[in-house]
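*Asks:* Input: one structure, supplied below.
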Amino acid sequence: MRLNALIVTAAAALLTAGCALTEVDFQGEGEGFVGPGVRIQATLETPSVGTGGGEDAADDPVVWMGRTPVTVMGTPTPGFVAGTDKKAGLYIYGLDGSVLQFMAEGLLNNVDAVEGLTIAGRPQLVLGASDRTPGKTGISLYRFDPAGTGQNGVQPWGAIATDVVEPYGFCFARRGTEVHAILVGHAGEMRQFVLTADAAGQPVAREVRRFDIGTISEGCAADEATDALFLGEENVGVWRYGLDPATGSTRTLVQGIAPGILVADAEGLTVLTDGEARYLIGSSQGDSAFPVWRIDSGTPEYKGRFVVEDGVVDGVTGTDGLAALGGPVGPAFPEGLVVVQDDVNDVGTQNFKYIDWRVIKAALGL
């Protein structure tokens with residue numbers, strides 16, 4: 001049997017082998033190994049997160065763009081990037097990588113953002129983050145008023161309590177007028193909620209689905225147009241579920257762990273819309289690469305993968321979380337922006353790299 005087939009067979013066997021909850025990092029060549037893929041360079045980077053000492057700290061980000069310029073803590077900006085320091089809290093970065101705001105919120109892991117909720121009569125951007133802080137494990141919620149002025153910033157907005165012992169992955173999704181919040185636990189638990197605001201402007205969450213993914217999991221991304229929910233089982237591969245809670249735990253395997261495509265542990269997932277095309281981008285943490293699938297047909301089609309080498313800023317190794325937004329994202333990114341976490345930064349501690357989507361498209365011939 002060929003090596004690829006052996007790897008996929010072994011991954012499938014994990015599905016029935018009980019709870020294997022050990023993370024498998026940097027397969028084959030050791031930490032910092034960069035596997036095959038088209039070579040590109042990042043445009044800019046953020047400062048290092050505050051947690052130092054060689055600790056694993058920076059994690060999953062989200063990119064948001066306002067319909068009109070907004071103000072964050074007195075600074076005008078077209079939009080922002082939110083990223084976690086999972087030992088300390090939440091950063092809000094400008095589209096130039098500068099720090100606009102930091103919130104000391106504890107052990108936040110993955111963060112996402114969604115529009116579509118009105119709170120106390122004002123349309124708000126809502127952010128959510130998986131929270132592993134003892135005594136408040138679940139989903140911590142935040143809100144931002146796009147029409148706010150002055151020292152307008154991201155503010156705490158309550159939480160969704162869950163029975164998940166160690167929250168890991170998190171993403172929002174829209175289904176019609178509903179806002180769905182999806183939490184993934186370290187042990188592979190999945191919890192899906194419909195999020196609303198009550199008359200007093202407080203969050204209300206109603207659980208609509210739960211199932212077990214199988215083993216250690218984190219990556220979470222939704223494609224509302226095809227009613228798909230993509231979840232990453234770190235040592236097995238990427239799964240496609242239905243976003244509709246009525247579909248239960250039915251799933252298909254998008255990509256199993258395989259050399260040169262997706263190497264354990266498989267980490268972050270994000271969806272980017274580019275005109276009529278939509279792409280799922282993953283993190284192959286084991287060999288510091290990013291596989292890309294086109295998903296708008298409903299059947300994911302593998303298009304290749306990229307790695308980020310040294311350029312104006314240093315390259316990316318051992319990446320964990322990532323996020324993307326298609327379309328104009330400020331003047332520097334007219335067709336879209338991809339933001340990735342860099343596990344081994346050249347100066348200081350971990351940080352986030354900004355990549356022009358045009359560069360990725362050209363390199364992969366998309």
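Simple scheme: letters A, B, ... for chains in structure tokens order, numbers from 1 for residues in each chain, numbers from 1 for ligands in the order shown.
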Quick one: everything within 7 Å of Val308 of chain A, counting only C-alpha atoms, minus sequence neighbours fewer than 2 positions away in the same chain. Send it as a PyMOL selection string.
*Replies:* chain A and resi 39-42+306+310+315-316
*Asks:* Find the spatial neighbours of Trp239 of chain A, counting only C-alpha atoms, within a cut-off of 6 Å - ignore same-chain residues fewer than 4 positions away - and output them as a PDB file with all heavy atoms, in the first residue's frame.
*Replies:*
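For reference, result24.pdb as written:
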```
ATOM      1  N   PHE A 230     -17.420  23.461   8.305  1.00  0.00           N
ATOM      2  CA  PHE A 230     -16.162  22.728   8.208  1.00  0.00           C
ATOM      3  C   PHE A 230     -15.501  22.686   9.581  1.00  0.00           C
ATOM      4  O   PHE A 230     -15.332  23.727  10.227  1.00  0.00           O
ATOM      5  CB  PHE A 230     -15.235  23.401   7.197  1.00  0.00           C
ATOM      6  CG  PHE A 230     -15.787  23.416   5.796  1.00  0.00           C
ATOM      7  CD1 PHE A 230     -16.434  24.541   5.306  1.00  0.00           C
ATOM      8  CD2 PHE A 230     -15.675  22.298   4.980  1.00  0.00           C
ATOM      9  CE1 PHE A 230     -16.957  24.558   4.018  1.00  0.00           C
ATOM     10  CE2 PHE A 230     -16.198  22.302   3.692  1.00  0.00           C
ATOM     11  CZ  PHE A 230     -16.845  23.431   3.209  1.00  0.00           C
ATOM     12  N   LEU A 231     -15.146  21.480  10.021  1.00  0.00           N
ATOM     13  CA  LEU A 231     -14.501  21.293  11.316  1.00  0.00           C
ATOM     14  C   LEU A 231     -13.224  20.492  11.130  1.00  0.00           C
ATOM     15  O   LEU A 231     -13.185  19.537  10.345  1.00  0.00           O
ATOM     16  CB  LEU A 231     -15.433  20.556  12.288  1.00  0.00           C
ATOM     17  CG  LEU A 231     -16.754  21.261  12.628  1.00  0.00           C
ATOM     18  CD1 LEU A 231     -17.602  20.390  13.548  1.00  0.00           C
ATOM     19  CD2 LEU A 231     -16.502  22.623  13.285  1.00  0.00           C
ATOM     20  N   THR A 252     -18.926  14.374   5.697  1.00  0.00           N
ATOM     21  CA  THR A 252     -18.060  13.787   4.680  1.00  0.00           C
ATOM     22  C   THR A 252     -16.647  14.312   4.916  1.00  0.00           C
ATOM     23  O   THR A 252     -16.457  15.434   5.392  1.00  0.00           O
ATOM     24  CB  THR A 252     -18.520  14.153   3.256  1.00  0.00           C
ATOM     25  OG1 THR A 252     -18.571  15.582   3.130  1.00  0.00           O
ATOM     26  CG2 THR A 252     -19.890  13.570   2.965  1.00  0.00           C
ATOM     27  N   LEU A 253     -15.661  13.504   4.564  1.00  0.00           N
ATOM     28  CA  LEU A 253     -14.268  13.890   4.754  1.00  0.00           C
ATOM     29  C   LEU A 253     -13.797  14.727   3.566  1.00  0.00           C
ATOM     30  O   LEU A 253     -13.804  14.261   2.427  1.00  0.00           O
ATOM     31  CB  LEU A 253     -13.396  12.646   4.900  1.00  0.00           C
ATOM     32  CG  LEU A 253     -11.927  12.875   5.288  1.00  0.00           C
ATOM     33  CD1 LEU A 253     -11.828  13.504   6.679  1.00  0.00           C
ATOM     34  CD2 LEU A 253     -11.148  11.563   5.236  1.00  0.00           C
ATOM     35  N   VAL A 254     -13.423  15.972   3.831  1.00  0.00           N
ATOM     36  CA  VAL A 254     -12.876  16.846   2.793  1.00  0.00           C
ATOM     37  C   VAL A 254     -11.459  16.415   2.457  1.00  0.00           C
ATOM     38  O   VAL A 254     -11.087  16.268   1.294  1.00  0.00           O
ATOM     39  CB  VAL A 254     -12.896  18.317   3.260  1.00  0.00           C
ATOM     40  CG1 VAL A 254     -12.180  19.219   2.257  1.00  0.00           C
ATOM     41  CG2 VAL A 254     -14.324  18.792   3.477  1.00  0.00           C
TER      42      VAL A 254
END
```
*Asks:* Using only C-alpha atoms, find each residue in segment 142-195 of chain A having at least one atom no more than 12 Å away from segment 94-100 of chain A; report its shortest atom-to-atom pair and that distance in Å (one decimal), rows by chain then rising number, as JSON lines.
*Replies:*
```
{"residue": "A:Gln151", "atom": "CA", "partner": "A:Leu100", "partner_atom": "CA", "distance": 10.7}
{"residue": "A:Asn152", "atom": "CA", "partner": "A:Leu100", "partner_atom": "CA", "distance": 10.8}
{"residue": "A:Gly153", "atom": "CA", "partner": "A:Leu100", "partner_atom": "CA", "distance": 8.8}
{"residue": "A:Val154", "atom": "CA", "partner": "A:Leu100", "partner_atom": "CA", "distance": 10.2}
```
*Asks:* Near Asp320 of chain A, counting only C-alpha atoms, which residues have an atom at most 7 Å away, once you skip same-chain residues fewer than 5 positions from it, shown as a list in words?
*Replies:*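 That gives Asp59, Asp60, Glu267, Gly268, Ser283, Gln285 and Gln341 of chain A.
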*Asks:* If we count only C-alpha atoms, what is near segment 79-84 of chain A at a cut-off of 6 Å, once residues fewer than 4 positions away on the same chain are taken out, given as a ChimeraX atom specification?
*Replies:* /A:58-59,61-66,89-95
*Asks:* From segment 149-313 of chain A, collect each residue whose DSSP state is strand (DSSP E) and return the set as a PyMOL selection string.
*Replies:* chain A and resi 155-161+167-175+178-185+189-197+203-212+217-223+228-233+237-242+251-256+266-274+277-284+290-294+301-309
*Asks:* What lies within 12 Å of Gly321 of chain A using only C-alpha atoms, ignoring chain neighbours under 5 positions off, as a JSON list (two decimals) with N, CA and C atoms, in the first residue's frame?
*Replies:*
```
[["chain", "number", "residue", "atom", "x", "y", "z"],
["A", 56, "ASP", "N", 3.44, 29.26, 23.89],
["A", 56, "ASP", "CA", 2.48, 29.25, 22.78],
["A", 56, "ASP", "C", 1.36, 30.19, 23.17],
["A", 57, "ALA", "N", 1.21, 31.32, 22.48],
["A", 57, "ALA", "CA", 0.31, 32.36, 22.96],
["A", 57, "ALA", "C", -0.65, 32.88, 21.90],
["A", 58, "ALA", "N", -0.14, 33.45, 20.80],
["A", 58, "ALA", "CA", -1.03, 33.99, 19.77],
["A", 58, "ALA", "C", -1.84, 32.86, 19.14],
["A", 59, "ASP", "N", -3.10, 33.14, 18.83],
["A", 59, "ASP", "CA", -3.94, 32.10, 18.24],
["A", 59, "ASP", "C", -4.88, 32.69, 17.22],
["A", 60, "ASP", "N", -6.01, 32.06, 17.03],
["A", 60, "ASP", "CA", -6.92, 32.30, 15.92],
["A", 60, "ASP", "C", -7.42, 33.74, 15.85],
["A", 61, "PRO", "N", -7.30, 34.41, 14.68],
["A", 61, "PRO", "CA", -7.79, 35.78, 14.50],
["A", 61, "PRO", "C", -9.09, 35.84, 13.70],
["A", 62, "VAL", "N", -9.59, 37.07, 13.47],
["A", 62, "VAL", "CA", -10.70, 37.32, 12.56],
["A", 62, "VAL", "C", -10.47, 38.67, 11.91],
["A", 82, "ALA", "N", -9.03, 41.15, 14.86],
["A", 82, "ALA", "CA", -9.00, 40.76, 16.27],
["A", 82, "ALA", "C", -8.23, 39.45, 16.37],
["A", 83, "GLY", "N", -7.34, 39.38, 17.33],
["A", 83, "GLY", "CA", -6.54, 38.17, 17.52],
["A", 83, "GLY", "C", -6.32, 37.91, 18.99],
["A", 84, "THR", "N", -6.24, 36.64, 19.36],
["A", 84, "THR", "CA", -6.11, 36.30, 20.78],
["A", 84, "THR", "C", -4.66, 36.06, 21.18],
["A", 85, "ASP", "N", -4.35, 36.45, 22.41],
["A", 85, "ASP", "CA", -3.21, 35.93, 23.15],
["A", 85, "ASP", "C", -3.84, 34.97, 24.15],
["A", 86, "LYS", "N", -3.73, 33.67, 23.89],
["A", 86, "LYS", "CA", -4.51, 32.72, 24.67],
["A", 86, "LYS", "C", -4.03, 32.54, 26.11],
["A", 109, "ASN", "N", -9.13, 31.62, 23.23],
["A", 109, "ASN", "CA", -8.42, 30.80, 22.26],
["A", 109, "ASN", "C", -8.72, 31.22, 20.82],
["A", 110, "ASN", "N", -9.90, 30.92, 20.31],
["A", 110, "ASN", "CA", -10.31, 31.30, 18.95],
["A", 110, "ASN", "C", -11.32, 32.42, 19.02],
["A", 111, "VAL", "N", -11.24, 33.37, 18.08],
["A", 111, "VAL", "CA", -12.18, 34.49, 18.05],
["A", 111, "VAL", "C", -12.80, 34.59, 16.66],
["A", 112, "ASP", "N", -14.06, 35.04, 16.61],
["A", 112, "ASP", "CA", -14.74, 35.30, 15.35],
["A", 112, "ASP", "C", -15.67, 36.48, 15.55],
["A", 168, "TYR", "N", -12.04, 25.09, 22.68],
["A", 168, "TYR", "CA", -10.91, 25.26, 21.77],
["A", 168, "TYR", "C", -11.31, 26.11, 20.56],
["A", 169, "GLY", "N", -11.98, 25.46, 19.59],
["A", 169, "GLY", "CA", -12.36, 26.15, 18.37],
["A", 169, "GLY", "C", -13.65, 26.92, 18.53],
["A", 170, "PHE", "N", -13.82, 27.97, 17.68],
["A", 170, "PHE", "CA", -15.06, 28.75, 17.71],
["A", 170, "PHE", "C", -15.26, 29.43, 16.37],
["A", 171, "CYS", "N", -16.52, 29.49, 15.93],
["A", 171, "CYS", "CA", -16.86, 30.31, 14.77],
["A", 171, "CYS", "C", -18.33, 30.70, 14.83],
["A", 218, "GLU", "N", -10.31, 21.45, 16.59],
["A", 218, "GLU", "CA", -10.28, 22.89, 16.83],
["A", 218, "GLU", "C", -10.84, 23.70, 15.66],
["A", 219, "GLY", "N", -10.29, 23.57, 14.46],
["A", 219, "GLY", "CA", -10.67, 24.42, 13.35],
["A", 219, "GLY", "C", -12.17, 24.43, 13.09],
["A", 220, "CYS", "N", -12.70, 25.63, 12.81],
["A", 220, "CYS", "CA", -14.14, 25.80, 12.63],
["A", 220, "CYS", "C", -14.37, 26.94, 11.65],
["A", 221, "ALA", "N", -15.14, 26.69, 10.57],
["A", 221, "ALA", "CA", -15.48, 27.73, 9.60],
["A", 221, "ALA", "C", -16.77, 27.34, 8.91],
["A", 232, "GLY", "N", -12.19, 20.87, 11.86],
["A", 232, "GLY", "CA", -10.91, 20.20, 11.76],
["A", 232, "GLY", "C", -10.67, 19.27, 12.93],
["A", 265, "ASP", "N", -0.50, 18.57, 13.33],
["A", 265, "ASP", "CA", -1.92, 18.64, 13.58],
["A", 265, "ASP", "C", -2.57, 19.72, 12.73],
["A", 266, "ALA", "N", -3.70, 19.35, 12.12],
["A", 266, "ALA", "CA", -4.46, 20.29, 11.30],
["A", 266, "ALA", "C", -5.14, 21.30, 12.22],
["A", 267, "GLU", "N", -4.93, 22.57, 11.98],
["A", 267, "GLU", "CA", -5.39, 23.59, 12.93],
["A", 267, "GLU", "C", -6.50, 24.46, 12.35],
["A", 268, "GLY", "N", -6.22, 25.76, 12.13],
["A", 268, "GLY", "CA", -7.27, 26.70, 11.79],
["A", 268, "GLY", "C", -7.91, 26.46, 10.43],
["A", 269, "LEU", "N", -9.14, 26.98, 10.27],
["A", 269, "LEU", "CA", -9.88, 26.96, 9.02],
["A", 269, "LEU", "C", -10.53, 28.32, 8.82],
["A", 270, "THR", "N", -10.62, 28.76, 7.56],
["A", 270, "THR", "CA", -11.32, 30.01, 7.26],
["A", 270, "THR", "C", -11.88, 29.94, 5.85],
["A", 281, "ILE", "N", -9.55, 27.74, 3.36],
["A", 281, "ILE", "CA", -8.10, 27.72, 3.59],
["A", 281, "ILE", "C", -7.86, 27.08, 4.95],
["A", 282, "GLY", "N", -6.93, 26.14, 5.00],
["A", 282, "GLY", "CA", -6.63, 25.44, 6.24],
["A", 282, "GLY", "C", -5.20, 25.68, 6.67],
["A", 283, "SER", "N", -4.88, 25.20, 7.86],
["A", 283, "SER", "CA", -3.53, 25.29, 8.40],
["A", 283, "SER", "C", -2.98, 23.89, 8.60],
["A", 284, "SER", "N", -1.96, 23.57, 7.82],
["A", 284, "SER", "CA", -1.23, 22.32, 7.98],
["A", 284, "SER", "C", -0.05, 22.60, 8.91],
["A", 285, "GLN", "N", -0.33, 22.59, 10.21],
["A", 285, "GLN", "CA", 0.66, 23.06, 11.17],
["A", 285, "GLN", "C", 1.92, 22.20, 11.16],
["A", 288, "SER", "N", 3.93, 23.62, 8.30],
["A", 288, "SER", "CA", 3.91, 25.08, 8.13],
["A", 288, "SER", "C", 3.39, 25.51, 6.76],
["A", 289, "ALA", "N", 2.27, 24.94, 6.34],
["A", 289, "ALA", "CA", 1.71, 25.26, 5.02],
["A", 289, "ALA", "C", 0.20, 25.46, 5.12],
["A", 290, "PHE", "N", -0.38, 25.96, 4.01],
["A", 290, "PHE", "CA", -1.79, 26.33, 3.99],
["A", 290, "PHE", "C", -2.47, 25.74, 2.75],
["A", 316, "VAL", "N", 6.54, 32.29, 7.95],
["A", 316, "VAL", "CA", 5.61, 31.72, 8.92],
["A", 316, "VAL", "C", 5.92, 30.25, 9.12],
["A", 338, "VAL", "N", -5.58, 37.87, 4.04],
["A", 338, "VAL", "CA", -5.45, 36.65, 4.83],
["A", 338, "VAL", "C", -4.49, 36.95, 5.97],
["A", 339, "VAL", "N", -4.90, 36.62, 7.20],
["A", 339, "VAL", "CA", -4.08, 36.85, 8.38],
["A", 339, "VAL", "C", -3.77, 35.51, 9.03],
["A", 340, "VAL", "N", -2.49, 35.25, 9.30],
["A", 340, "VAL", "CA", -2.09, 33.96, 9.88],
["A", 340, "VAL", "C", -1.25, 34.20, 11.13],
["A", 341, "GLN", "N", -1.38, 33.30, 12.08],
["A", 341, "GLN", "CA", -0.54, 33.33, 13.27],
["A", 341, "GLN", "C", 0.82, 32.75, 12.96],
["A", 342, "ASP", "N", 1.87, 33.38, 13.48],
["A", 342, "ASP", "CA", 3.23, 32.87, 13.29],
["A", 342, "ASP", "C", 3.75, 32.35, 14.63],
["A", 343, "ASP", "N", 4.01, 31.06, 14.68],
["A", 343, "ASP", "CA", 4.42, 30.40, 15.92],
["A", 343, "ASP", "C", 5.85, 30.77, 16.31],
["A", 350, "GLN", "N", 5.38, 35.44, 19.60],
["A", 350, "GLN", "CA", 4.48, 35.14, 18.49],
["A", 350, "GLN", "C", 3.68, 36.36, 18.06],
["A", 351, "ASN", "N", 3.28, 36.36, 16.76],
["A", 351, "ASN", "CA", 2.50, 37.48, 16.25],
["A", 351, "ASN", "C", 1.65, 37.03, 15.08],
["A", 352, "PHE", "N", 1.10, 37.99, 14.32],
["A", 352, "PHE", "CA", 0.25, 37.71, 13.18],
["A", 352, "PHE", "C", 0.84, 38.36, 11.92],
["A", 353, "LYS", "N", 0.77, 37.63, 10.81],
["A", 353, "LYS", "CA", 1.23, 38.13, 9.52],
["A", 353, "LYS", "C", 0.04, 38.42, 8.62]]
```
*Asks:* Considering only C-alpha atoms, return as a ChimeraX atom specification whatever protein or nucleic-acid residues lie within 6 Å of segment 199-214 of chain A, sequence-local ones (same chain, fewer than 4 positions apart) excluded.
*Replies:* /A:15,119-120,188-195,245
*Asks:* Could you write out, as a PyMOL selection string, all the residues of segment 89-290 of chain A that DSSP marks as helix (DSSP H, G or I)?
*Replies:* chain A and resi 224-226+245-247+285-287
*Asks:* Which distance in Å separates atom CA of Val238 of chain A and atom CA of Leu108 of chain A, to one decimal?
*Replies:* 23.0 Å
*Asks:* Would you mind telling me which residue in A:Ile355, A:Val347, A:Ile261, A:Ala197 lies nearest to Ala332 of chain A when using only C-alpha atoms?
*Replies:*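 The answer is A:Ile355, which sits nearest to Ala332 of chain A.
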